[in-house]
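Below is one structure, written out as structure tokens; the observations come after it.
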Amino acid sequence: MIIYDTTLRDGAQSADVRFSVNDKLEILKGLDALGVHFVELGWPAAGEHELEIYKQAMKLNLRTKIVAFGSTARKGIKPEHDDNLKAIIASKARYAQLFGKTWAVHVEKQLKATREENLCLIRESIRYLKSQGIKVFFAAEHFFDGYLDNQSYALSCLRAAAEGGASAIILCDTNGGTLPDCFQKVCEGVGEFCTSNHLVAELGVHVHNDSGCAVANSLLSLNYGFTHIQGTINGFGERSGNADLCQLLPALVIKKKIPLKIELAKLKDISELVYTLANIRPNKGQPYVGRNAFRHKGGVHVDGLLKGASYEHIDPLQVGNRREFILSELSGKASVIDMLQKKGIVTNKNDPRVDTMLKEIKSMEKRGYGIESLEAEKQLLIERHFGKNEPFFMVKSWRVSSEDRQGEFSECVITGAVGGEERQVVSMVKGGPVDALYRAMQKLIAKKYPSINNVSLINYKVMIAEDMGAASTVRVFIKFQNSETWATVGVSTNILKASVEAIEKGFRFHLCSLQ
């Protein structure tokens with residue numbers, strides 16, 4: 001069974017999503033840790049920024065295999081002269097997924113080619129990449145619609161792909177409108193066709209979710225010998241999205257007991273990472289990984305669980321999630337104690353510090369901090385309530401201004417104390433106010449703690465924390481790096497104040513880690 005992730009290509013085509021190069025590399029590392037077999041990075045032909053992602057990815061020591069995405073050669077152009085195929089070769093990826101037309105209507109109206117020309121484009125494009133040492137998966141675009149419209153021609157496209165040497169043939173429900181009964185008939189028909197015609201290629205599916213059936217249809221394909229499933233984390237993708245790997249993976253491993261080497265306990269973490277880097281609020285009701293997936297409110301349910309009866313279809317820990325009882329002080333304290341035990345701190349629910357820490361966590365949750373997957377935030381919480389809570393430095397006041405004089409210039413003045421010594425520093429930058437704030441705080445701290453100069457800000461994202469119109473609060477997420485990476489957040493009605501909070505906590509975590 002092959003698991004193929006296309007979050008960084010098809011998922012990035014979601015209307016509200018834009019991933020930077022750093023975002024993609026961070027997600028790629030998370031997918032590798034999860035154990036996904038193949039990851040599609042993007043379209044190399046889209047430009048130098050896409051090729052840069054491939055260059056950076058090749059430097060990583062990954063188990064997962066990198067795939068380049070593109071289309072069959074254009075009509076009237078030999079494969080060796082086609083810019084799209086040349087870009088795939090330039091990406092240095094040893095695997096490629098080529099999509100090609102299989103719906104006769106699209107061949108004639110979109111490609112403006114004859115049906116025979118399209119078959120030749122499929123066959124020769126795959127053959128050419130294979131001659132360059134690249135293993136090719138053929139994505140049969142609009143296959144289900146094409147099959148229902150002209151079964152014979154759609155199947156002839158699969159034969160052309162197999163003749164070209166495709167390692168896998170992927171049936172794509174590009175419009176996402178196929179219902180399960182029809183989906184099964186098509187899969188069954190394709191399986192019989194490939195067997196009777198001795199086509200040597202794995203079969204797989206790539207399903208969009210426009211009719212809400214992407215996960216169910218993907219699972220149904222297994223009944224017909226399909227061994228390759230494609231999807232995205234959180235179901236991101238065009239329009240209504242793609243099959244959600246956060247639902248597919250536990251269904252395959254836990255429910256269908258397929259022995260995939262997937263680290264399911266990391267599933268919730270990768271889900272939250274993708275939401276964070278996409279700057280999208282997590283779906284609380286998402287199966288398996290959503291916050292509400294194992295959250296119980298009904299009195300009968302809570303009573304039953306406390307007495308050992310089951311109201312959960314799996315153990316939430318299997319997917320990195322946790323059980324929670326709404327409005328349960330006992331449940332909240334148990335979560336705090338579990339967090340502390342993971343850090344080697346032994347205590348019990350009667351410790352008053354557990355209560356005060358729980359109150360702070362609940363306050364942060366209510367205000368939209370969302371720290372569940374942020375280890376630095378958790379560590380700072382523990383430090384405040386159970387550690388030395390070393391002050392290191394204190395920001396007493398700050399002022400920042402920006403102006404446009406043939407370019408943006410910003411200045412920040414910070415007054416604070418470091419090691420008991422009061423200081424005022426000024427930082428002027430050619431850039432924005434957040435950069436000025438960052439440099440000024442770094443300057444404030446560096447005299448006593450020079451290692452702070454080695455800390456870089458590598459990611460900055462803003463989203464609405466609590467929507468109240470003009471009085472809305474914002475959540476600022478900042479990622480830092482030196483020899484390791486960590487992230488912190490700040491929340492305020494003032495975006496700069498939220499930034500100051502996140503920067504201050506990020507620096508404080510660095511100093512704590514040196515102790």
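Chain identifiers are assigned as A, B, and so on, following the order in which chains appear in the structure tokens; residues are numbered from 1 within each chain, and ligands are numbered from 1 in order of appearance.
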Which residues come within 9 Å of Gly146 in chain A, counting only C-alpha atoms, excluding same-chain residues fewer than 2 positions away, as an MDAnalysis selection string? chainID A and resid 101:106 141:144 148:151 153:154
The selected residues should be written to file as a compact mmCIF listing (two decimals), in the first residue's frame (atoms: C-alpha atoms).
```
# COMPACT_ATOMS: atom_id res chain seq x y z
CA LYS A 101 -6.55 14.11 -20.36
CA THR A 102 -8.83 11.07 -20.38
CA TRP A 103 -12.19 12.76 -20.98
CA ALA A 104 -12.70 13.04 -24.74
CA VAL A 105 -14.59 16.33 -24.35
CA HIS A 106 -11.57 17.93 -22.64
CA GLU A 141 -7.47 13.58 -15.06
CA HIS A 142 -11.29 13.62 -15.02
CA PHE A 143 -11.22 9.85 -15.38
CA PHE A 144 -14.56 9.07 -13.75
CA LEU A 148 -19.01 7.49 -17.95
CA ASP A 149 -19.00 9.63 -21.11
CA ASN A 150 -16.83 7.40 -23.32
CA GLN A 151 -15.64 4.26 -21.57
CA TYR A 153 -11.59 6.10 -24.95
CA ALA A 154 -10.94 6.61 -21.23
```
Contacts of range 16-18 of chain A within 6 Å, only C-alpha atoms, excl. fewer than 2 positions in-chain, as a count of residues only: 3
Can you list, as a PyMOL selection string, every protein, DNA or RNA residue that comes within 9 Å of Leu248 in chain A when you count only C-alpha atoms, leaving out same-chain residues fewer than 4 positions away? chain A and resi 215-216+218-219+229+231+243-244+252-253
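Residue nearest Leu85 in chain A within the list A:Ala45, A:Cys194, A:Ile53, A:Val186: A:Ala45 [criterion: smallest interatomic distance, only C-alpha atoms].
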Counting only C-alpha atoms, closest pick from A:Glu501, A:Val319, A:Glu116, A:Leu129 relative to Ala87 in chain A is A:Leu129
Env of Gly35 in chain A: 7 Å cut, atoms = only C-alpha atoms, seq-sep filter 4 positions within chain, self excluded. Answer as number ranges by chain. A: 31, 64, 261-263
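In this comparison, which uses only C-alpha atoms, the residue of A:Ser335, A:Ser373, A:Gln230, A:Ser401 approaching His208 in chain A most closely is A:Gln230.
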Identify, on the basis of only C-alpha atoms, every residue whose closest approach to His228 in chain A does not exceed 9 Å; exclude the query and any residue fewer than 3 positions from it along the same chain; express the result as a ChimeraX atom specification. /A:1-4,168-170,202-206,222
Write the selection just made, keeping N, CA and C atoms, as a PDB file, in the first residue's frame?
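Dumped to out-v7.pdb:
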```
ATOM      1  N   MET A   1       0.847  -1.197   0.000  1.00  0.00           N
ATOM      2  CA  MET A   1       0.000   0.000   0.000  1.00  0.00           C
ATOM      3  C   MET A   1       0.883   1.247   0.000  1.00  0.00           C
ATOM      4  N   ILE A   2       0.636   2.136  -0.937  1.00  0.00           N
ATOM      5  CA  ILE A   2       1.412   3.366  -1.083  1.00  0.00           C
ATOM      6  C   ILE A   2       0.567   4.567  -0.643  1.00  0.00           C
ATOM      7  N   ILE A   3       1.145   5.409   0.210  1.00  0.00           N
ATOM      8  CA  ILE A   3       0.495   6.652   0.637  1.00  0.00           C
ATOM      9  C   ILE A   3       1.245   7.821  -0.004  1.00  0.00           C
ATOM     10  N   TYR A   4       0.501   8.610  -0.745  1.00  0.00           N
ATOM     11  CA  TYR A   4       1.068   9.698  -1.543  1.00  0.00           C
ATOM     12  C   TYR A   4       0.414  11.010  -1.099  1.00  0.00           C
ATOM     13  N   ALA A 168       2.581   3.512 -12.083  1.00  0.00           N
ATOM     14  CA  ALA A 168       1.269   3.506 -11.442  1.00  0.00           C
ATOM     15  C   ALA A 168       0.306   4.341 -12.267  1.00  0.00           C
ATOM     16  N   ILE A 169      -0.932   3.905 -12.312  1.00  0.00           N
ATOM     17  CA  ILE A 169      -1.988   4.644 -13.001  1.00  0.00           C
ATOM     18  C   ILE A 169      -2.983   5.090 -11.937  1.00  0.00           C
ATOM     19  N   ILE A 170      -3.165   6.406 -11.842  1.00  0.00           N
ATOM     20  CA  ILE A 170      -3.999   6.990 -10.795  1.00  0.00           C
ATOM     21  C   ILE A 170      -5.284   7.531 -11.400  1.00  0.00           C
ATOM     22  N   GLU A 202       0.642  -0.386 -11.057  1.00  0.00           N
ATOM     23  CA  GLU A 202      -0.199  -0.299  -9.861  1.00  0.00           C
ATOM     24  C   GLU A 202      -1.379   0.616 -10.158  1.00  0.00           C
ATOM     25  N   LEU A 203      -2.469   0.386  -9.455  1.00  0.00           N
ATOM     26  CA  LEU A 203      -3.633   1.249  -9.608  1.00  0.00           C
ATOM     27  C   LEU A 203      -3.853   2.061  -8.334  1.00  0.00           C
ATOM     28  N   GLY A 204      -4.235   3.311  -8.508  1.00  0.00           N
ATOM     29  CA  GLY A 204      -4.479   4.181  -7.361  1.00  0.00           C
ATOM     30  C   GLY A 204      -5.575   5.178  -7.644  1.00  0.00           C
ATOM     31  N   VAL A 205      -5.910   5.978  -6.634  1.00  0.00           N
ATOM     32  CA  VAL A 205      -6.954   6.993  -6.789  1.00  0.00           C
ATOM     33  C   VAL A 205      -6.519   8.323  -6.188  1.00  0.00           C
ATOM     34  N   HIS A 206      -7.049   9.373  -6.777  1.00  0.00           N
ATOM     35  CA  HIS A 206      -6.837  10.756  -6.326  1.00  0.00           C
ATOM     36  C   HIS A 206      -8.221  11.398  -6.381  1.00  0.00           C
ATOM     37  N   LEU A 222      -9.893   0.050  -2.398  1.00  0.00           N
ATOM     38  CA  LEU A 222      -9.114  -1.097  -1.920  1.00  0.00           C
ATOM     39  C   LEU A 222      -9.814  -2.411  -2.243  1.00  0.00           C
TER      40      LEU A 222
END
```
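Counting only C-alpha atoms, the residue from A:Arg367, A:Met394, A:Arg439, A:Ser427 that sits nearest to Asp467 in chain A is A:Arg367.
Atom pair CA of Gln481 in chain A / CA of Gln442 in chain A has a distance of 13.7 Å (rounded to one decimal).
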